[in-house]
Amino acid sequence: MASDEASLRALEGLMNEFFNSCTTNERKREIEQQLGAFGQQSGAWRHCFYFMSQTQNEYVMMYCLTVLENIVNKLWMGILGHDKMEIRTSLINFLMERHKVVAPYIRNKICKVIVDIGRIDWPHFYPDFFTNILQLIQQPETASLGLMMLQTTSEEMACPREDLSVARKQELHRLLLEQVPTVLSLLSGLLEQVLEKSSHMVTTATPPPSPNHDDSSNSSWNSSPMNSGSIISGMFQVSDKENIRPLPSLDLDSEHMSAQALQCLNHLFSWIPLSSVITPSLLITIFKFASFGCDPNSQGSPSSLSNFGSHNGSCKTTNLGILAMCCINEVMSKSCVPADFEEYLYRMFQQTFQLLQRLTKEPPSGAYGNKLAELDEMYIDKFTEFLRLFVSVHLRRFESNSQFPVVDFLALLFKYTFKQPQQEGYYACLDVWMVFLDFLHNLTKGRNADGNSTVAKYKDALTTLMSEIVRKLQFRYNQAQLEELDDEALDDDEETEWQHFLRQCLEVVAKIAELLPEEAFRTLYPPFQEYLDVYLGLDQYIVSEANGRRLNITAENECRRLHCTLRDLGSMLQAIGRLAEHFIGEMFPQRLQDALSLVERLCQATMYGTKLKLYDVHTAIPTVLRPDFIEVHAQSLAALHAYCHWLSQFYHLTKQTNQQQEKFASIVSTIADASTPLLKTQCPDKVTLSAAHLFLSLVTTVRPSFLMALPSVQTMFTSVSHGAVTTLPTEVQLLVYRALSHIFILPWPVVGDNEQEWEARSSSHVNFLKELTKEYRGMKDMPGLSQDKNMQERAKPEIRRTLMVVCDLAESVAGEVMKTRQICYQSLQESVHTTLATLPVYIHQPDVVEDMMSFFLALFQSLRVQMGVSLTERIIQTFMNMFTREQLAETILHESSAGSRVIEKFLKILQLLVEEPGSAFKTFIPSIVSLCMDQVYPIIAERTIPDIKSVLFELLHHLLAHNWRFFFRSSVLDSMQSGTETVENQQQFSAIMLAFGQSFMQPDITIFKQNLEALESLNSKLKLYQKAIFKSSLLFQFLNVLLQVLVHRSHDLLREEIAIAAYNMASVDFDVFFTTFLPQFLAGCEGLDQTQKAILAQNFKMDKDLPSFTQSIHRFVNDLRYYRLCNSSLPEGTIKF
């Protein structure tokens, strides 16, 4: 037998070899096997303690602690009592003797193993576990170690892992809660002692009398509703000098101790019932530490706090501020209501107010800089998160109390917002304002008089906020910062940095406009008017030369000013567009003239841009000014697009009153003249897209009856018929085709059916579609197409283009009136027959078939009634004949994803059929069931094709839901009278149910959730679980699968949904569940002895209400897993190195 000394040397050699970079993976696996075998032998822990006491090798120490941890967590139940005592004592002694000299991660690991022992044995076999921790904290030389033990205990015991029974988890939670008051008192006292150690301790940090004292520019914030004689107001009226006293300077030990105590509090706050234990004094103490983050010059001794929450190598007391803010945010997020709630609120508001004042304090006279820019970015993030929680959780409680200086608080928040050094910080502050604006908006719902008076109270504040945001987004005032924002690269939301910035700003402006629309208009219109005047005056600086037109503005300063003006005009156009909703509806009459003037100005801007095409003019700095001209033109079109709903309301007014019809006609004509020329030439894509959207909105939203008579529209029809738009981007093409189609088929407003001119319009639409699809329709009779592969390839581009167009036209009429859909189908009829004829030719080319199936799906979704039964039957029969099992397999397994999408669309078409309420398509039900279960399902059942699976199961769900009588013909009354239940097509029904059950045994959680919801829906509406066939042959199978899923934790995100489904199944017959199913399930469970099975059955309470049953289910699953873990001890062995 080798001696312990020799074994230690061998172990050190193995560990050094394992972590040597030259060691091969194969050798590492051999070493792992040796180390694992040693850890499994009986009495390995004795060797581990010898090795730990005799080595300086940290690898060896960590390995030994891992062996001990495994023994505690997996083998502890089988160890003798005196051995447990020796292991525990040895660990504690080692920790006490060497906690200051071993590496921190080794010290932490020892703490973890000791806590693991306490997790199992405290208080029954380890009664002084928690007492020892409290004693450690109270001794200065071991306080740091005690805090480490306390935090580890909180982490490991408050929400323990599954290696404990539910009863033990509940016991631990109760034991810890009993200790919470003592622990909080201890931590609070420790933090207060740290603050008192400094001779420069600041007893209170309070604000100056006015938060605007140093910032006269924010004059709108000067008034405060604060009652100067109240106790509350006294909290805020303290001398300015006290608020700027230096923070205490902490020594290294104090920093460490404070950081650990705050970390402990942070974790404790995550699970303890705060309402019953939090006190104003503790809150004030934490806020004092939070103030450490407010002072950029507050710096303690250089050290590493990597083990105590520091995020950089140099320990600054700013880290204490961050940790304190984490604690405060944890409290805020819980929305706790302590016993002394009123004082708690006062203190919360007071401390928030004071911290904001510290952070927004203006520099001394003559000094420059932004204090926030000097502070830790993480601290700023935590503080902003705190403000968001504070405003969302507590501000509603303060707001109604006139004694609280809420307006002054908003003034500080205003300063804090616009002093943010980073854009992300600014966006976070805007989110805080949005929370406040949502609060005000909710107050005003239902014409609440109190809500409107509240908004009036904050009118000046909100107007100032809006003005500052509008100022911040203008290049005129903020060019240096705005030029830094990238306007090319797109993020995950398809936005550039600049677009994201502008949207964030305009969202807040729009929210304020909902409360104060007139003030918003007065804020935005003057700069818009000013910038637009500059833009409309540029034509005087354009000169014609031999090589084209040139902008005669060349001075660098003038070009820069023009650049800023154009950028700001683009922004103002977007902002003006966001105000469109405030001119329609019930506000339309009183704001008619303002809106009319605005729309005419926008028409002027768009017409000007279309005529001049300034982006084609040569400029001194084309890389800068050309994008600006494009942006302004696109935004002017988009702004006018936003006012189409107003224009529609204006159209109704002119029809009803016979007034201002010429003005309306002029506006429509101008929009057509401004947009249509941009749709037939190669303009910049951004401008073309905006023009297409504007023209489509004019056609679909406004619907003027005289639109087709306008020369510009007639010209566009002619050019489009000759293929003028085929070179434009696909999206623009579809918008143009849709707009021209809708001119003929959408009903005109305020016109009777006999005046709609349907016959002439229908004829024009048919001719228009014939022209668009002429080449495609000719392919049906093209000789040799079915055999000539080259001809098929040449025809593909035209086929796909035409299918894309007709598919979009079919989709666009979904939900429109019957006459519109009739005309549309009449025009598409030939294209339908052509597609049906060419489908077999391209059946082996999924990309073309996908386009064809998209067209058929659009037809079934929008024009199913117009198609009629006979054509529908013909189409479906064609599909059924073509999609044989072999063809389905080829298409599904095609190397491109187009094949899968073809089958998805096919299944969606079938779903539309099975949802039809009438009897017309019921004859297809047997064929559809057969196709799904005999052909599609076997191909995809064991393959990872989630998209097709999702669509297939959705089809099966709807097939059952809408065709229940296909399987259960007799009514409930008939079943009750006869005593039996007849099941038609039983084999198909069972196959569908088993497919659902099979899906629960697969890892795809999305399919699992979808199918679980489907079964629950069928049970809720059609009593699926109570059907005799389900109860007799399927119920136990489904319950077994659901419980096995819970036991294996494979779909843990759905554990509540699974438990509820199990309850609904069990509730069919609780007696059968408790007396038959549960014993059967336990009998089939491996890894349990009979005693454990009996305990599990006994502990499953026979409660029949949902909350109690689901609680019993979770307890049952937890304890079953726990028993299996206890029984999984590995066989003993003996290994020596």
# chains A, B, ... in the order shown; residues from 1 in each chain; ligands from 1
$ residues_around --residues "A:Leu490" --least-positions-apart "6" --cutoff "12 Å" --atoms "only C-alpha atoms" --output "list in words"
Thr496, Glu497, Trp498, Gln499 and His500 of chain A
$ write_last_selection --atoms "N, CA, C and O atoms" --output "PDB file, in the first residue's frame"
ATOM      1  N   THR A 496     -31.209  52.624 -38.235  1.00  0.00           N
ATOM      2  CA  THR A 496     -29.870  53.148 -38.011  1.00  0.00           C
ATOM      3  C   THR A 496     -29.844  53.812 -36.628  1.00  0.00           C
ATOM      4  O   THR A 496     -30.892  54.011 -36.005  1.00  0.00           O
ATOM      5  N   GLU A 497     -28.645  54.158 -36.181  1.00  0.00           N
ATOM      6  CA  GLU A 497     -28.528  54.857 -34.883  1.00  0.00           C
ATOM      7  C   GLU A 497     -29.336  56.149 -34.887  1.00  0.00           C
ATOM      8  O   GLU A 497     -30.018  56.472 -33.919  1.00  0.00           O
ATOM      9  N   TRP A 498     -29.238  56.890 -35.996  1.00  0.00           N
ATOM     10  CA  TRP A 498     -29.954  58.164 -36.084  1.00  0.00           C
ATOM     11  C   TRP A 498     -31.462  57.943 -36.049  1.00  0.00           C
ATOM     12  O   TRP A 498     -32.199  58.638 -35.347  1.00  0.00           O
ATOM     13  N   GLN A 499     -31.932  56.959 -36.805  1.00  0.00           N
ATOM     14  CA  GLN A 499     -33.369  56.686 -36.833  1.00  0.00           C
ATOM     15  C   GLN A 499     -33.877  56.252 -35.464  1.00  0.00           C
ATOM     16  O   GLN A 499     -34.971  56.640 -35.052  1.00  0.00           O
ATOM     17  N   HIS A 500     -33.058  55.470 -34.755  1.00  0.00           N
ATOM     18  CA  HIS A 500     -33.437  55.032 -33.417  1.00  0.00           C
ATOM     19  C   HIS A 500     -33.543  56.233 -32.471  1.00  0.00           C
ATOM     20  O   HIS A 500     -34.507  56.354 -31.701  1.00  0.00           O
TER      21      HIS A 500
END
$ residues_around --residues "stretch 163-179 of chain A" --least-positions-apart "5" --cutoff "7 Å" --atoms "only C-alpha atoms" --output "list in words"
Met157, Ala158, Arg1115, Asn1118, Asp1119, Tyr1122 and Leu1125 of chain A
$ closest_residue --among "A:Leu1120, A:Met149, A:Leu359, A:Ala991" --to "A:Phe1030" --atoms "only C-alpha atoms"
A:Ala991
$ closest_residue --among "A:Phe404, A:Val180, A:Glu399, A:Phe292" --to "A:Leu265" --atoms "only C-alpha atoms"
A:Val180
$ atom_distance --atom1 "atom CA of A:Ala995" --atom2 "atom CA of A:Ile875"
27.9 Å
$ atom_distance --atom1 "atom CA of A:Gly609" --atom2 "atom CA of A:Ala489"
26.5 Å
$ decode --residues "stretch 809-950 of chain A" --atoms "C-alpha atoms" --output "short mmCIF file (atom, residue, chain, number, x, y, z; two decimals), in the first residue's frame"
data_model
loop_
_atom_site.label_atom_id
_atom_site.label_comp_id
_atom_site.auth_asym_id
_atom_site.auth_seq_id
_atom_site.Cartn_x
_atom_site.Cartn_y
_atom_site.Cartn_z
CA LEU A 809 -53.85 41.55 -55.53
CA ALA A 810 -55.81 38.60 -54.15
CA GLU A 811 -54.50 39.18 -50.61
CA SER A 812 -55.30 42.90 -50.80
CA VAL A 813 -59.07 42.41 -51.14
CA ALA A 814 -59.48 40.21 -48.05
CA GLY A 815 -62.15 41.83 -45.91
CA GLU A 816 -63.42 44.10 -48.68
CA VAL A 817 -67.07 44.23 -49.79
CA MET A 818 -68.56 41.41 -51.87
CA LYS A 819 -68.62 43.42 -55.12
CA THR A 820 -64.93 44.23 -54.85
CA ARG A 821 -64.03 40.56 -54.43
CA GLN A 822 -66.32 39.54 -57.29
CA ILE A 823 -64.61 41.93 -59.70
CA CYS A 824 -61.17 40.89 -58.47
CA TYR A 825 -61.90 37.18 -58.93
CA GLN A 826 -63.43 37.77 -62.35
CA SER A 827 -60.22 39.46 -63.46
CA LEU A 828 -57.99 36.76 -61.92
CA GLN A 829 -59.99 33.80 -63.22
CA GLU A 830 -57.82 33.12 -66.27
CA SER A 831 -54.66 33.34 -64.15
CA VAL A 832 -56.14 30.74 -61.80
CA HIS A 833 -56.70 28.27 -64.65
CA THR A 834 -53.25 28.98 -66.07
CA THR A 835 -51.64 28.29 -62.69
CA LEU A 836 -53.60 25.08 -62.29
CA ALA A 837 -52.49 23.95 -65.76
CA THR A 838 -48.78 24.75 -65.29
CA LEU A 839 -48.51 23.38 -61.74
CA PRO A 840 -47.79 19.78 -62.88
CA VAL A 841 -45.07 21.06 -65.21
CA TYR A 842 -43.09 22.61 -62.34
CA ILE A 843 -44.02 20.11 -59.61
CA HIS A 844 -40.34 19.16 -59.13
CA GLN A 845 -39.20 22.80 -58.77
CA PRO A 846 -40.16 23.90 -55.24
CA ASP A 847 -39.32 27.58 -55.79
CA VAL A 848 -41.96 27.93 -58.54
CA VAL A 849 -44.45 25.65 -56.79
CA GLU A 850 -44.09 27.79 -53.64
CA ASP A 851 -45.19 30.87 -55.60
CA MET A 852 -48.12 28.94 -57.07
CA MET A 853 -49.18 27.67 -53.64
CA SER A 854 -48.91 31.21 -52.26
CA PHE A 855 -51.32 32.33 -54.99
CA PHE A 856 -53.78 29.52 -54.25
CA LEU A 857 -53.55 30.20 -50.50
CA ALA A 858 -54.35 33.89 -51.12
CA LEU A 859 -57.32 32.84 -53.27
CA PHE A 860 -58.67 30.52 -50.58
CA GLN A 861 -58.20 33.17 -47.89
CA SER A 862 -59.78 36.07 -49.81
CA LEU A 863 -61.93 34.72 -52.66
CA ARG A 864 -63.11 31.31 -51.50
CA VAL A 865 -66.79 32.18 -51.89
CA GLN A 866 -66.25 33.71 -55.35
CA MET A 867 -64.35 30.65 -56.60
CA GLY A 868 -67.31 28.37 -55.99
CA VAL A 869 -67.51 24.74 -54.96
CA SER A 870 -66.75 23.11 -58.31
CA LEU A 871 -63.48 24.97 -58.93
CA THR A 872 -62.44 24.46 -55.32
CA GLU A 873 -63.04 20.72 -55.64
CA ARG A 874 -61.05 20.66 -58.87
CA ILE A 875 -58.10 22.50 -57.29
CA ILE A 876 -58.06 20.30 -54.18
CA GLN A 877 -58.38 17.13 -56.24
CA THR A 878 -55.45 18.26 -58.38
CA PHE A 879 -53.37 18.79 -55.25
CA MET A 880 -54.35 15.41 -53.82
CA ASN A 881 -53.43 13.65 -57.04
CA MET A 882 -50.09 15.41 -57.35
CA PHE A 883 -48.91 15.25 -53.77
CA THR A 884 -48.41 11.53 -53.51
CA ARG A 885 -46.36 10.18 -50.63
CA GLU A 886 -43.30 10.03 -52.87
CA GLN A 887 -43.83 13.58 -54.12
CA LEU A 888 -44.43 14.83 -50.57
CA ALA A 889 -41.21 13.19 -49.40
CA GLU A 890 -39.27 14.71 -52.31
CA THR A 891 -40.69 18.17 -51.66
CA ILE A 892 -40.32 18.10 -47.86
CA LEU A 893 -36.77 16.77 -47.97
CA HIS A 894 -35.65 19.09 -50.78
CA GLU A 895 -32.31 20.75 -50.10
CA SER A 896 -33.87 24.21 -50.20
CA SER A 897 -36.37 25.42 -47.60
CA ALA A 898 -38.82 26.23 -50.41
CA GLY A 899 -39.99 22.60 -50.35
CA SER A 900 -41.08 22.84 -46.73
CA ARG A 901 -42.86 26.12 -47.41
CA VAL A 902 -44.78 24.50 -50.27
CA ILE A 903 -46.19 21.84 -47.93
CA GLU A 904 -46.91 24.44 -45.24
CA LYS A 905 -49.02 26.45 -47.68
CA PHE A 906 -50.76 23.30 -48.91
CA LEU A 907 -51.67 22.36 -45.34
CA LYS A 908 -52.90 25.90 -44.64
CA ILE A 909 -55.21 25.64 -47.66
CA LEU A 910 -56.57 22.38 -46.27
CA GLN A 911 -57.06 24.08 -42.89
CA LEU A 912 -59.22 26.75 -44.54
CA LEU A 913 -61.33 23.97 -46.03
CA VAL A 914 -61.85 22.06 -42.80
CA GLU A 915 -62.88 25.31 -41.08
CA GLU A 916 -65.73 25.90 -43.58
CA PRO A 917 -69.02 25.69 -41.67
CA GLY A 918 -71.17 24.40 -44.52
CA SER A 919 -71.38 20.89 -45.94
CA ALA A 920 -69.90 21.78 -49.33
CA PHE A 921 -66.38 20.56 -48.55
CA LYS A 922 -67.15 17.87 -45.96
CA THR A 923 -66.55 15.20 -48.59
CA PHE A 924 -62.84 16.09 -48.46
CA ILE A 925 -62.50 15.34 -44.73
CA PRO A 926 -61.62 11.61 -45.10
CA SER A 927 -59.07 12.40 -47.81
CA ILE A 928 -57.53 15.21 -45.72
CA VAL A 929 -57.27 12.97 -42.64
CA SER A 930 -55.68 10.23 -44.74
CA LEU A 931 -53.25 12.64 -46.37
CA CYS A 932 -52.20 14.07 -43.00
CA MET A 933 -51.88 10.82 -41.04
CA ASP A 934 -50.85 8.33 -43.74
CA GLN A 935 -48.64 10.48 -45.94
CA VAL A 936 -47.38 13.69 -44.32
CA TYR A 937 -47.07 12.65 -40.67
CA PRO A 938 -44.90 9.54 -41.21
CA ILE A 939 -42.39 11.64 -43.13
CA ILE A 940 -42.02 14.37 -40.51
CA ALA A 941 -42.75 12.49 -37.26
CA GLU A 942 -39.15 11.70 -36.38
CA ARG A 943 -37.53 14.58 -38.25
CA THR A 944 -36.73 18.06 -37.03
CA ILE A 945 -39.04 20.07 -39.30
CA PRO A 946 -40.75 22.35 -36.79
CA ASP A 947 -42.49 24.65 -39.28
CA ILE A 948 -44.33 21.83 -41.08
CA LYS A 949 -45.12 20.10 -37.79
CA SER A 950 -46.62 23.27 -36.40
#
